[in-house]
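**Student:** Here you go, this is run_32.cif (mmCIF, C-alpha atoms).
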data_data
loop_
_atom_site.label_atom_id
_atom_site.label_comp_id
_atom_site.auth_asym_id
_atom_site.auth_seq_id
_atom_site.Cartn_x
_atom_site.Cartn_y
_atom_site.Cartn_z
CA MET A 1 0.00 0.00 0.00
CA PRO A 2 1.44 3.42 -0.92
CA SER A 3 2.40 5.58 2.05
CA ILE A 4 0.13 8.42 3.03
CA ASN A 5 1.62 11.85 2.29
CA GLU A 6 2.72 13.39 5.61
CA ASP A 7 2.48 16.98 4.35
CA VAL A 8 -1.00 16.68 2.82
CA SER A 9 -3.01 14.05 4.66
CA ILE A 10 -5.71 12.47 2.51
CA GLY A 11 -7.94 12.63 5.58
CA ASN A 12 -8.02 16.45 5.38
CA LEU A 13 -8.41 16.99 1.63
CA GLY A 14 -11.90 18.49 1.93
CA SER A 15 -10.61 21.37 4.05
CA LEU A 16 -7.99 22.58 1.55
CA GLN A 17 -8.65 25.86 -0.27
CA THR A 18 -6.03 25.37 -2.97
CA LEU A 19 -4.95 22.34 -4.98
CA PRO A 20 -1.47 21.14 -3.93
CA ASP A 21 0.99 20.46 -6.73
CA SER A 22 1.19 16.79 -5.77
CA PHE A 23 -2.54 16.49 -6.59
CA THR A 24 -2.46 18.56 -9.80
CA TRP A 25 -2.86 16.47 -12.94
CA LYS A 26 -1.93 17.64 -16.43
CA LEU A 27 -5.13 16.69 -18.20
CA THR A 28 -5.37 16.85 -21.97
CA ALA A 29 -8.42 17.38 -24.16
CA ALA A 30 -8.70 13.61 -24.50
CA ASP A 31 -9.08 13.33 -20.73
CA SER A 32 -12.15 15.54 -20.73
CA ILE A 33 -15.72 14.34 -20.98
CA LEU A 34 -17.45 14.97 -24.27
CA PRO A 35 -18.44 18.58 -25.04
CA PRO A 36 -22.12 19.49 -24.57
CA SER A 37 -22.52 19.92 -28.35
CA SER A 38 -21.78 16.24 -28.95
CA ALA A 39 -24.76 13.97 -29.41
CA ALA A 40 -22.86 11.17 -27.70
CA VAL A 41 -22.73 13.15 -24.44
CA LYS A 42 -26.25 11.87 -23.77
CA GLU A 43 -25.06 8.31 -24.17
CA SER A 44 -24.69 6.21 -21.05
CA ILE A 45 -24.34 2.60 -20.07
CA PRO A 46 -27.64 0.71 -20.25
CA VAL A 47 -30.03 0.36 -17.31
CA ILE A 48 -31.30 -3.23 -17.17
CA ASN A 49 -34.32 -4.40 -15.20
CA LEU A 50 -33.38 -7.79 -13.74
CA SER A 51 -37.07 -8.77 -13.90
CA ASP A 52 -37.12 -8.31 -17.69
CA PRO A 53 -37.84 -11.61 -19.50
CA GLU A 54 -35.00 -10.75 -21.91
CA VAL A 55 -32.51 -10.04 -19.12
CA THR A 56 -29.96 -12.61 -20.32
CA THR A 57 -29.79 -11.12 -23.81
CA LEU A 58 -29.74 -7.56 -22.46
CA LEU A 59 -26.87 -8.32 -20.08
CA GLY A 60 -24.89 -10.07 -22.80
CA ASN A 61 -25.27 -7.15 -25.20
CA ALA A 62 -24.24 -4.65 -22.50
CA CYS A 63 -21.17 -6.70 -21.60
CA LYS A 64 -20.04 -6.96 -25.24
CA THR A 65 -20.71 -3.30 -26.03
CA TRP A 66 -19.70 -1.54 -22.83
CA GLY A 67 -18.19 -3.98 -20.35
CA ALA A 68 -20.54 -2.30 -17.87
CA PHE A 69 -24.22 -1.78 -17.14
CA GLN A 70 -26.66 -0.58 -14.48
CA ILE A 71 -29.26 -2.79 -12.80
CA ALA A 72 -32.70 -2.07 -11.36
CA ASN A 73 -34.96 -4.47 -9.44
CA HIS A 74 -31.85 -6.21 -8.13
CA GLY A 75 -33.37 -7.24 -4.81
CA ILE A 76 -30.97 -5.37 -2.51
CA PRO A 77 -33.07 -3.52 0.11
CA GLN A 78 -32.79 0.26 -0.16
CA SER A 79 -32.49 0.38 3.63
CA LEU A 80 -29.29 -1.69 3.43
CA LEU A 81 -27.80 0.58 0.76
CA ASP A 82 -28.66 3.56 2.97
CA ASP A 83 -27.08 1.87 6.00
CA VAL A 84 -23.77 1.10 4.28
CA GLU A 85 -23.64 4.63 2.82
CA SER A 86 -24.31 6.06 6.30
CA LEU A 87 -21.57 3.85 7.76
CA SER A 88 -19.18 5.18 5.11
CA LYS A 89 -20.08 8.79 5.81
CA THR A 90 -19.67 8.24 9.56
CA PHE A 91 -16.16 6.94 9.02
CA PHE A 92 -14.99 9.59 6.54
CA ASP A 93 -16.38 12.40 8.73
CA MET A 94 -13.97 11.39 11.48
CA PRO A 95 -10.84 13.47 12.18
CA SER A 96 -7.85 12.41 10.11
CA GLU A 97 -5.97 11.03 13.11
CA ARG A 98 -8.88 8.73 13.96
CA LYS A 99 -9.05 7.40 10.42
CA LEU A 100 -5.31 6.79 10.43
CA GLU A 101 -5.79 4.38 13.34
CA ALA A 102 -7.28 2.05 10.74
CA ALA A 103 -4.46 2.60 8.20
CA SER A 104 -3.53 -0.28 5.92
CA SER A 105 -0.32 -2.13 6.66
CA ASN A 106 2.25 -2.61 3.92
CA LYS A 107 1.35 -6.30 3.65
CA GLY A 108 -2.36 -6.21 4.37
CA VAL A 109 -5.33 -5.51 2.12
CA SER A 110 -7.77 -4.21 4.71
CA GLY A 111 -7.63 -0.72 6.11
CA TYR A 112 -7.65 2.98 5.40
CA GLY A 113 -5.51 4.69 2.78
CA GLU A 114 -5.00 5.83 -0.78
CA PRO A 115 -6.22 3.82 -3.76
CA ARG A 116 -3.97 0.81 -4.34
CA ILE A 117 -3.30 1.94 -7.90
CA SER A 118 -1.67 5.16 -6.63
CA LEU A 119 1.85 3.79 -6.96
CA PHE A 120 1.46 3.64 -10.77
CA PHE A 121 0.88 7.39 -11.08
CA GLU A 122 3.14 10.36 -10.49
CA LYS A 123 0.35 12.53 -9.10
CA LYS A 124 -1.88 11.78 -6.14
CA MET A 125 -5.61 11.14 -6.31
CA TRP A 126 -8.22 13.27 -4.58
CA SER A 127 -9.81 10.48 -2.57
CA GLU A 128 -9.57 8.32 0.50
CA GLY A 129 -10.89 4.84 1.13
CA LEU A 130 -11.43 2.00 3.57
CA THR A 131 -10.91 -1.54 2.28
CA ILE A 132 -12.81 -4.34 4.01
CA ALA A 133 -11.56 -7.88 3.33
CA ASP A 134 -13.03 -11.12 4.67
CA GLY A 135 -12.82 -11.29 8.45
CA SER A 136 -9.79 -9.01 8.85
CA TYR A 137 -11.83 -5.83 9.28
CA ARG A 138 -13.34 -6.75 12.65
CA ASN A 139 -10.41 -5.61 14.79
CA GLN A 140 -10.30 -2.32 12.90
CA PHE A 141 -14.02 -1.77 13.45
CA LEU A 142 -13.51 -2.43 17.15
CA THR A 143 -10.88 0.32 17.20
CA ILE A 144 -12.93 2.74 15.11
CA TRP A 145 -16.35 2.12 16.67
CA PRO A 146 -15.93 0.54 20.12
CA ARG A 147 -19.56 1.33 21.01
CA ASP A 148 -21.18 0.53 17.66
CA TYR A 149 -18.90 -2.35 16.70
CA THR A 150 -21.65 -4.98 16.61
CA LYS A 151 -24.03 -2.73 14.66
CA TYR A 152 -21.53 -1.86 11.91
CA CYS A 153 -20.14 -5.39 11.60
CA GLY A 154 -23.73 -6.56 11.15
CA ILE A 155 -24.29 -4.08 8.32
CA ILE A 156 -21.14 -5.23 6.51
CA GLU A 157 -21.95 -8.92 6.93
CA GLU A 158 -25.47 -8.41 5.57
CA TYR A 159 -24.13 -6.32 2.68
CA LYS A 160 -21.52 -8.97 1.79
CA GLY A 161 -24.13 -11.71 1.82
CA GLU A 162 -26.57 -9.80 -0.38
CA MET A 163 -23.85 -8.77 -2.81
CA GLU A 164 -22.43 -12.28 -3.11
CA ASN A 165 -25.88 -13.64 -3.95
CA LEU A 166 -26.43 -10.87 -6.51
CA ALA A 167 -22.99 -11.44 -8.05
CA SER A 168 -23.71 -15.16 -8.43
CA ARG A 169 -27.06 -14.37 -10.06
CA LEU A 170 -25.45 -11.96 -12.50
CA LEU A 171 -22.69 -14.42 -13.32
CA SER A 172 -25.23 -17.10 -14.25
CA CYS A 173 -27.21 -14.72 -16.46
CA ILE A 174 -24.17 -13.29 -18.23
CA LEU A 175 -22.71 -16.74 -18.87
CA GLY A 176 -26.10 -17.75 -20.24
CA SER A 177 -25.74 -15.09 -22.92
CA LEU A 178 -22.65 -16.99 -24.11
CA GLY A 179 -24.46 -20.32 -24.10
CA VAL A 180 -22.63 -21.70 -21.06
CA THR A 181 -23.26 -22.15 -17.33
CA VAL A 182 -21.27 -21.88 -14.12
CA ASP A 183 -20.74 -25.66 -14.33
CA ASP A 184 -18.70 -25.06 -17.49
CA ILE A 185 -16.10 -23.09 -15.50
CA GLU A 186 -13.47 -25.69 -14.65
CA TRP A 187 -12.13 -23.95 -11.57
CA ALA A 188 -15.63 -23.32 -10.22
CA GLN A 189 -16.16 -27.08 -10.05
CA LYS A 190 -12.85 -27.53 -8.20
CA THR A 191 -13.68 -24.89 -5.59
CA GLU A 192 -17.15 -26.37 -5.07
CA LYS A 193 -15.68 -29.83 -4.45
CA SER A 194 -13.17 -28.41 -1.97
CA GLY A 195 -15.92 -26.59 -0.10
CA SER A 196 -14.34 -23.16 -0.64
CA LYS A 197 -15.98 -20.06 -2.09
CA MET A 198 -15.98 -19.56 -5.83
CA GLY A 199 -14.60 -16.04 -5.49
CA GLN A 200 -12.90 -13.97 -2.81
CA SER A 201 -14.59 -10.66 -2.14
CA VAL A 202 -13.48 -7.22 -1.00
CA ILE A 203 -15.56 -4.16 -0.16
CA ARG A 204 -14.04 -0.74 -0.77
CA LEU A 205 -15.63 2.36 0.75
CA ASN A 206 -14.56 5.44 -1.26
CA HIS A 207 -14.80 9.12 -0.42
CA TYR A 208 -14.15 11.92 -2.91
CA PRO A 209 -14.06 15.20 -0.93
CA VAL A 210 -14.94 18.60 -2.37
CA CYS A 211 -12.05 19.93 -4.44
CA PRO A 212 -11.02 23.58 -5.06
CA GLU A 213 -9.97 22.85 -8.69
CA PRO A 214 -11.79 19.71 -9.87
CA GLU A 215 -10.86 20.31 -13.51
CA ARG A 216 -7.19 19.74 -12.62
CA ALA A 217 -7.68 16.91 -10.11
CA MET A 218 -8.44 13.20 -10.37
CA GLY A 219 -10.47 11.28 -7.83
CA LEU A 220 -9.48 7.86 -9.15
CA ALA A 221 -7.28 7.38 -12.20
CA ALA A 222 -8.28 5.29 -15.22
CA HIS A 223 -7.98 1.55 -14.67
CA THR A 224 -9.73 -1.78 -15.02
CA ASP A 225 -10.73 -3.96 -12.07
CA SER A 226 -8.82 -7.23 -11.70
CA CYS A 227 -11.80 -9.22 -10.44
CA LEU A 228 -14.70 -11.08 -12.06
CA LEU A 229 -17.07 -8.17 -11.64
CA THR A 230 -17.62 -5.12 -9.44
CA ILE A 231 -21.00 -4.03 -8.09
CA LEU A 232 -21.03 -0.33 -7.21
CA HIS A 233 -23.44 1.73 -5.15
CA GLN A 234 -22.85 5.47 -5.53
CA SER A 235 -24.33 8.35 -3.58
CA ASN A 236 -26.45 10.98 -5.31
CA MET A 237 -23.36 12.87 -6.52
CA GLY A 238 -21.98 11.82 -9.91
CA GLY A 239 -18.31 11.34 -10.81
CA LEU A 240 -17.96 7.84 -12.22
CA GLN A 241 -16.93 7.76 -15.89
CA VAL A 242 -16.43 4.79 -18.22
CA PHE A 243 -14.43 4.82 -21.42
CA LYS A 244 -15.90 3.67 -24.72
CA GLU A 245 -13.72 3.68 -27.81
CA GLU A 246 -16.26 5.41 -30.06
CA SER A 247 -17.47 7.90 -27.46
CA GLY A 248 -14.61 8.79 -25.14
CA TRP A 249 -15.35 9.32 -21.45
CA VAL A 250 -19.02 8.86 -20.57
CA THR A 251 -20.39 9.92 -17.18
CA VAL A 252 -22.57 7.45 -15.29
CA GLU A 253 -25.05 9.63 -13.44
CA PRO A 254 -26.45 8.15 -10.21
CA ILE A 255 -30.00 6.80 -10.34
CA PRO A 256 -31.69 6.18 -6.97
CA GLY A 257 -31.83 2.47 -6.16
CA VAL A 258 -29.83 1.49 -9.26
CA LEU A 259 -26.45 -0.26 -9.01
CA VAL A 260 -23.54 -0.12 -11.48
CA VAL A 261 -21.79 -3.32 -12.57
CA ASN A 262 -18.32 -3.37 -14.16
CA ILE A 263 -16.84 -6.37 -15.95
CA GLY A 264 -13.33 -7.07 -14.64
CA ASP A 265 -10.19 -8.64 -16.08
CA LEU A 266 -11.06 -12.11 -14.80
CA PHE A 267 -14.40 -12.15 -16.63
CA HIS A 268 -12.59 -10.91 -19.75
CA ILE A 269 -10.33 -13.95 -19.48
CA LEU A 270 -13.24 -16.35 -18.86
CA SER A 271 -15.07 -15.03 -21.93
CA ASN A 272 -11.90 -15.44 -24.03
CA GLY A 273 -11.95 -11.72 -24.77
CA LYS A 274 -15.62 -11.47 -25.78
CA PHE A 275 -16.40 -9.15 -22.85
CA PRO A 276 -14.06 -6.16 -22.34
CA SER A 277 -12.98 -5.24 -18.83
CA VAL A 278 -14.19 -1.67 -18.73
CA VAL A 279 -11.75 1.21 -18.23
CA HIS A 280 -13.22 3.63 -15.70
CA ARG A 281 -12.25 6.51 -13.43
CA ALA A 282 -13.76 9.00 -10.97
CA ARG A 283 -13.75 12.80 -11.20
CA VAL A 284 -14.40 15.18 -8.32
CA ASN A 285 -16.63 18.19 -7.64
CA ARG A 286 -16.12 21.71 -6.34
CA THR A 287 -19.18 21.89 -4.08
CA LYS A 288 -20.30 18.35 -3.28
CA SER A 289 -18.45 15.33 -1.96
CA ARG A 290 -19.19 11.82 -3.22
CA ILE A 291 -19.28 8.40 -1.62
CA SER A 292 -19.27 5.06 -3.42
CA ILE A 293 -19.22 1.50 -2.15
CA ALA A 294 -17.60 -1.08 -4.42
CA TYR A 295 -18.09 -4.83 -3.98
CA LEU A 296 -15.29 -6.57 -5.88
CA TRP A 297 -15.89 -10.26 -6.55
CA GLY A 298 -12.57 -11.85 -7.34
CA GLY A 299 -11.05 -15.21 -8.12
CA PRO A 300 -10.56 -18.45 -6.17
CA ALA A 301 -7.98 -18.91 -3.46
CA GLY A 302 -5.08 -21.34 -3.65
CA GLU A 303 -3.53 -22.86 -6.74
CA VAL A 304 -6.74 -23.13 -8.78
CA GLU A 305 -6.00 -21.93 -12.32
CA ILE A 306 -8.24 -19.57 -14.26
CA SER A 307 -8.51 -19.79 -18.03
CA PRO A 308 -11.01 -19.16 -20.84
CA ILE A 309 -14.06 -21.44 -20.67
CA SER A 310 -13.36 -24.32 -23.06
CA LYS A 311 -16.91 -24.35 -24.48
CA ILE A 312 -16.51 -20.71 -25.48
CA VAL A 313 -13.13 -21.31 -27.09
CA GLY A 314 -14.42 -24.33 -29.00
CA PRO A 315 -12.52 -27.33 -30.35
CA VAL A 316 -10.34 -25.31 -32.74
CA GLY A 317 -9.70 -22.21 -30.61
CA PRO A 318 -7.91 -19.96 -30.47
CA CYS A 319 -7.54 -19.67 -26.68
CA LEU A 320 -6.37 -16.10 -26.07
CA TYR A 321 -5.04 -16.42 -22.51
CA ARG A 322 -2.89 -18.95 -20.70
CA PRO A 323 -4.04 -20.47 -17.37
CA VAL A 324 -3.15 -18.34 -14.36
CA THR A 325 -3.95 -18.48 -10.64
CA TRP A 326 -5.76 -15.56 -9.04
CA SER A 327 -2.76 -14.76 -6.82
CA GLU A 328 -0.39 -14.87 -9.81
CA TYR A 329 -2.60 -12.55 -11.83
CA LEU A 330 -2.79 -10.06 -8.95
CA ARG A 331 1.01 -10.15 -8.69
CA ILE A 332 1.33 -9.48 -12.43
CA LYS A 333 -1.20 -6.64 -12.21
CA PHE A 334 0.77 -5.18 -9.29
CA GLU A 335 3.93 -5.26 -11.41
CA VAL A 336 2.74 -4.09 -14.85
CA PHE A 337 -0.70 -2.60 -14.09
CA ASP A 338 -2.59 -2.00 -17.37
CA LYS A 339 -0.35 -4.44 -19.28
CA ALA A 340 -1.39 -7.43 -17.14
CA LEU A 341 -3.75 -8.98 -19.69
CA ASP A 342 -1.11 -8.61 -22.38
CA ALA A 343 1.36 -10.40 -20.10
CA ILE A 344 -0.74 -13.58 -20.01
CA ARG A 345 -2.00 -13.41 -23.59
CA VAL A 346 -0.98 -16.35 -25.78
CA VAL A 347 1.48 -14.95 -28.33
CA ASN A 348 0.54 -17.33 -31.14
CA ALA A 349 -3.08 -18.06 -30.24
CA THR A 350 -3.88 -19.84 -33.51
CA ASN A 351 -1.47 -22.60 -32.52
#
Can you give me the file's structure in the form of structure tokens?
**Tutor:**
Amino acid sequence: MPSINEDVSIGNLGSLQTLPDSFTWKLTAADSILPPSSAAVKESIPVINLSDPEVTTLLGNACKTWGAFQIANHGIPQSLLDDVESLSKTFFDMPSERKLEAASSNKGVSGYGEPRISLFFEKKMWSEGLTIADGSYRNQFLTIWPRDYTKYCGIIEEYKGEMENLASRLLSCILGSLGVTVDDIEWAQKTEKSGSKMGQSVIRLNHYPVCPEPERAMGLAAHTDSCLLTILHQSNMGGLQVFKEESGWVTVEPIPGVLVVNIGDLFHILSNGKFPSVVHRARVNRTKSRISIAYLWGGPAGEVEISPISKIVGPVGPCLYRPVTWSEYLRIKFEVFDKALDAIRVVNATN
């Protein structure tokens, strides 16, 4: 985890009246969202009703076209979304020194700090976050909320359970659009036989404070998620943008009760490249802060290898990616960042 800047603490960003040089990005015209005169500025990722009889086809089309979509009628209680957003706000409203008590260790995943992708960029990002990994967050919650420990742990456990069920449902539907099922994923069968979970999950609470010069700052730099898929709840302040080749950067405005789903690198591998892992980022605002809660559903633990689903590849191929374990892929991503998929791509796929 990158070290937290001692001169400009990320826990105090919202109180700054000027943009420090370490947070000032040199953005080009290509980094901007589309101009208002462009017809494509009205374009956005599709909103899909999960109760629609054609949901499988709709999800498949969205994955192929965008690598992302929004979902309504997903079954997650609005009260739970409100509770986890309130929990996030309660934490980020704390004094910086209190938040630092939950700081991430150099070796650990859980804890408070900068985005993990920060080390790949020269400039710092205008955001702070709290990462919650399986089980390891409980001691931190006890430190942060000694009185409300049980209450907040309960919210996270319920949220994790609901999100895991939703992620499994989405996986089945999306695979169905390719004519396959979860049973066709070789490593899914192995994890089921061993009694372990199909995917490891992480929850990331993000806070993007108000910024004195948002046009020169970046809340979260452009990247793809390493996991199978990410389910995102965002507060009523926009900032999320996804990149589409034909359109440039497209803003995903928040819709009450609607969740955003991003296809990650692992799903790209499973689909043998049919579904792109969407490039996305977050911009910031001069007058309003933003909170988002990301549920990242990753790969299997241990030495289980991930590779394109054989039924998708077919008997004659080509298979675009070599088998790789989840831990190996994360290590590669940590080393080469946006070149990770290229690093495991089969050079001569036709053979």
**Student:** If you count all atoms listed in the file, which residues fall within 9 Å of Ile269 in chain A, apart from same-chain ones fewer than 4 positions away, as JSON, numbers by chain?
**Tutor:** {"A": [264, 265, 273, 274, 275, 306, 307, 308, 309, 320, 321, 341]}
**Student:** Let me make sure I understand: among A:Leu27, A:Ala340, A:Gly299, A:Val346, which one has the smallest atom-to-atom distance to Arg322 in chain A if we use only C-alpha atoms?
**Tutor:** A:Val346
**Student:** Please evaluate the PyMOL selection byres ((chain A and resi 13) around 9) against the displayed coordinates and give the resulting residues as a short mmCIF file (atom, residue, chain, number, x, y, z; two decimals) with C-alpha atoms, in the frame of the given file.
**Tutor:**
data_model
loop_
_atom_site.label_atom_id
_atom_site.label_comp_id
_atom_site.auth_asym_id
_atom_site.auth_seq_id
_atom_site.Cartn_x
_atom_site.Cartn_y
_atom_site.Cartn_z
CA VAL A 8 -1.00 16.68 2.82
CA SER A 9 -3.01 14.05 4.66
CA ILE A 10 -5.71 12.47 2.51
CA GLY A 11 -7.94 12.63 5.58
CA ASN A 12 -8.02 16.45 5.38
CA GLY A 14 -11.90 18.49 1.93
CA SER A 15 -10.61 21.37 4.05
CA LEU A 16 -7.99 22.58 1.55
CA TRP A 126 -8.22 13.27 -4.58
CA SER A 127 -9.81 10.48 -2.57
CA GLU A 128 -9.57 8.32 0.50
CA TYR A 208 -14.15 11.92 -2.91
CA PRO A 209 -14.06 15.20 -0.93
CA VAL A 210 -14.94 18.60 -2.37
CA CYS A 211 -12.05 19.93 -4.44
#
**Student:** Selected by the PyMOL selection byres ((chain A and resi 236) around 6) in the shown coordinates: which residues, as a list in words?
**Tutor:** Ser235, Met237 and Pro254 of chain A
**Student:** Within 12 Å of range 219-225 of chain A, which residues of range 51-132 of chain A come that close, and what is the closest atom pair and distance in Å for each? Count only C-alpha atoms and give it as a tab-separated table.
**Tutor:**
residue	atom	partner	partner_atom	distance
A:Gly67	CA	A:Thr224	CA	10.2
A:Ala68	CA	A:Thr224	CA	11.2
A:Glu114	CA	A:Leu220	CA	9.7
A:Pro115	CA	A:Leu220	CA	7.5
A:Arg116	CA	A:Leu220	CA	10.2
A:Ile117	CA	A:Ala221	CA	8.0
A:Ser118	CA	A:Ala221	CA	8.2
A:Leu119	CA	A:Ala221	CA	11.1
A:Phe120	CA	A:Ala221	CA	9.6
A:Phe121	CA	A:Ala221	CA	8.2
A:Glu122	CA	A:Ala221	CA	11.0
A:Lys123	CA	A:Ala221	CA	9.7
A:Lys124	CA	A:Gly219	CA	8.8
A:Met125	CA	A:Gly219	CA	5.1
A:Trp126	CA	A:Gly219	CA	4.4
A:Ser127	CA	A:Gly219	CA	5.4
A:Glu128	CA	A:Gly219	CA	8.9
A:Gly129	CA	A:Leu220	CA	10.8
**Student:** In Å, rounded to a single decimal, give me how far CA of Val261 in chain A is from CA of Gly154 in chain A.
**Tutor:**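 Computing it gives 24.0 Å between the two atoms.
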**Student:** Could you list the residues chosen by the PyMOL selection byres ((chain A and resi 302) around 8) in this structure as a list in words?
**Tutor:**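 With the shown file as input, the PyMOL selection byres ((chain A and resi 302) around 8) matches Pro300, Ala301, Glu303, Val304, Thr325, Trp326 and Ser327 of chain A.
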**Student:** With C-alpha atoms retained, write the just-selected residues as an mmCIF file, keeping the file's coordinate frame.
**Tutor:**
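The resulting result_12.cif:
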data_model
loop_
_atom_site.group_PDB
_atom_site.id
_atom_site.type_symbol
_atom_site.label_atom_id
_atom_site.label_comp_id
_atom_site.auth_asym_id
_atom_site.auth_seq_id
_atom_site.Cartn_x
_atom_site.Cartn_y
_atom_site.Cartn_z
ATOM 1 C CA PRO A 300 -10.560 -18.450 -6.170
ATOM 2 C CA ALA A 301 -7.980 -18.910 -3.460
ATOM 3 C CA GLU A 303 -3.530 -22.860 -6.740
ATOM 4 C CA VAL A 304 -6.740 -23.130 -8.780
ATOM 5 C CA THR A 325 -3.950 -18.480 -10.640
ATOM 6 C CA TRP A 326 -5.760 -15.560 -9.040
ATOM 7 C CA SER A 327 -2.760 -14.760 -6.820
#
**Student:** Dig up all the protein and nucleic acid residues within 12 Å of (-31.8, -0.9, 2.2) in the file frame, using only C-alpha atoms, and format them as JSON, numbers by chain.
**Tutor:** {"A": [74, 75, 76, 77, 78, 79, 80, 81, 82, 83, 84, 85, 86, 155, 158, 159, 162, 233, 256, 257, 258]}
**Student:** Between A:His268, A:Lys151, A:Lys311, A:Lys244, which one has atoms that come closest to Glu43 in chain A, using all atoms listed in the file?
**Tutor:**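 Looking at the shortest contact to Glu43 in chain A, the residue is A:Lys244.
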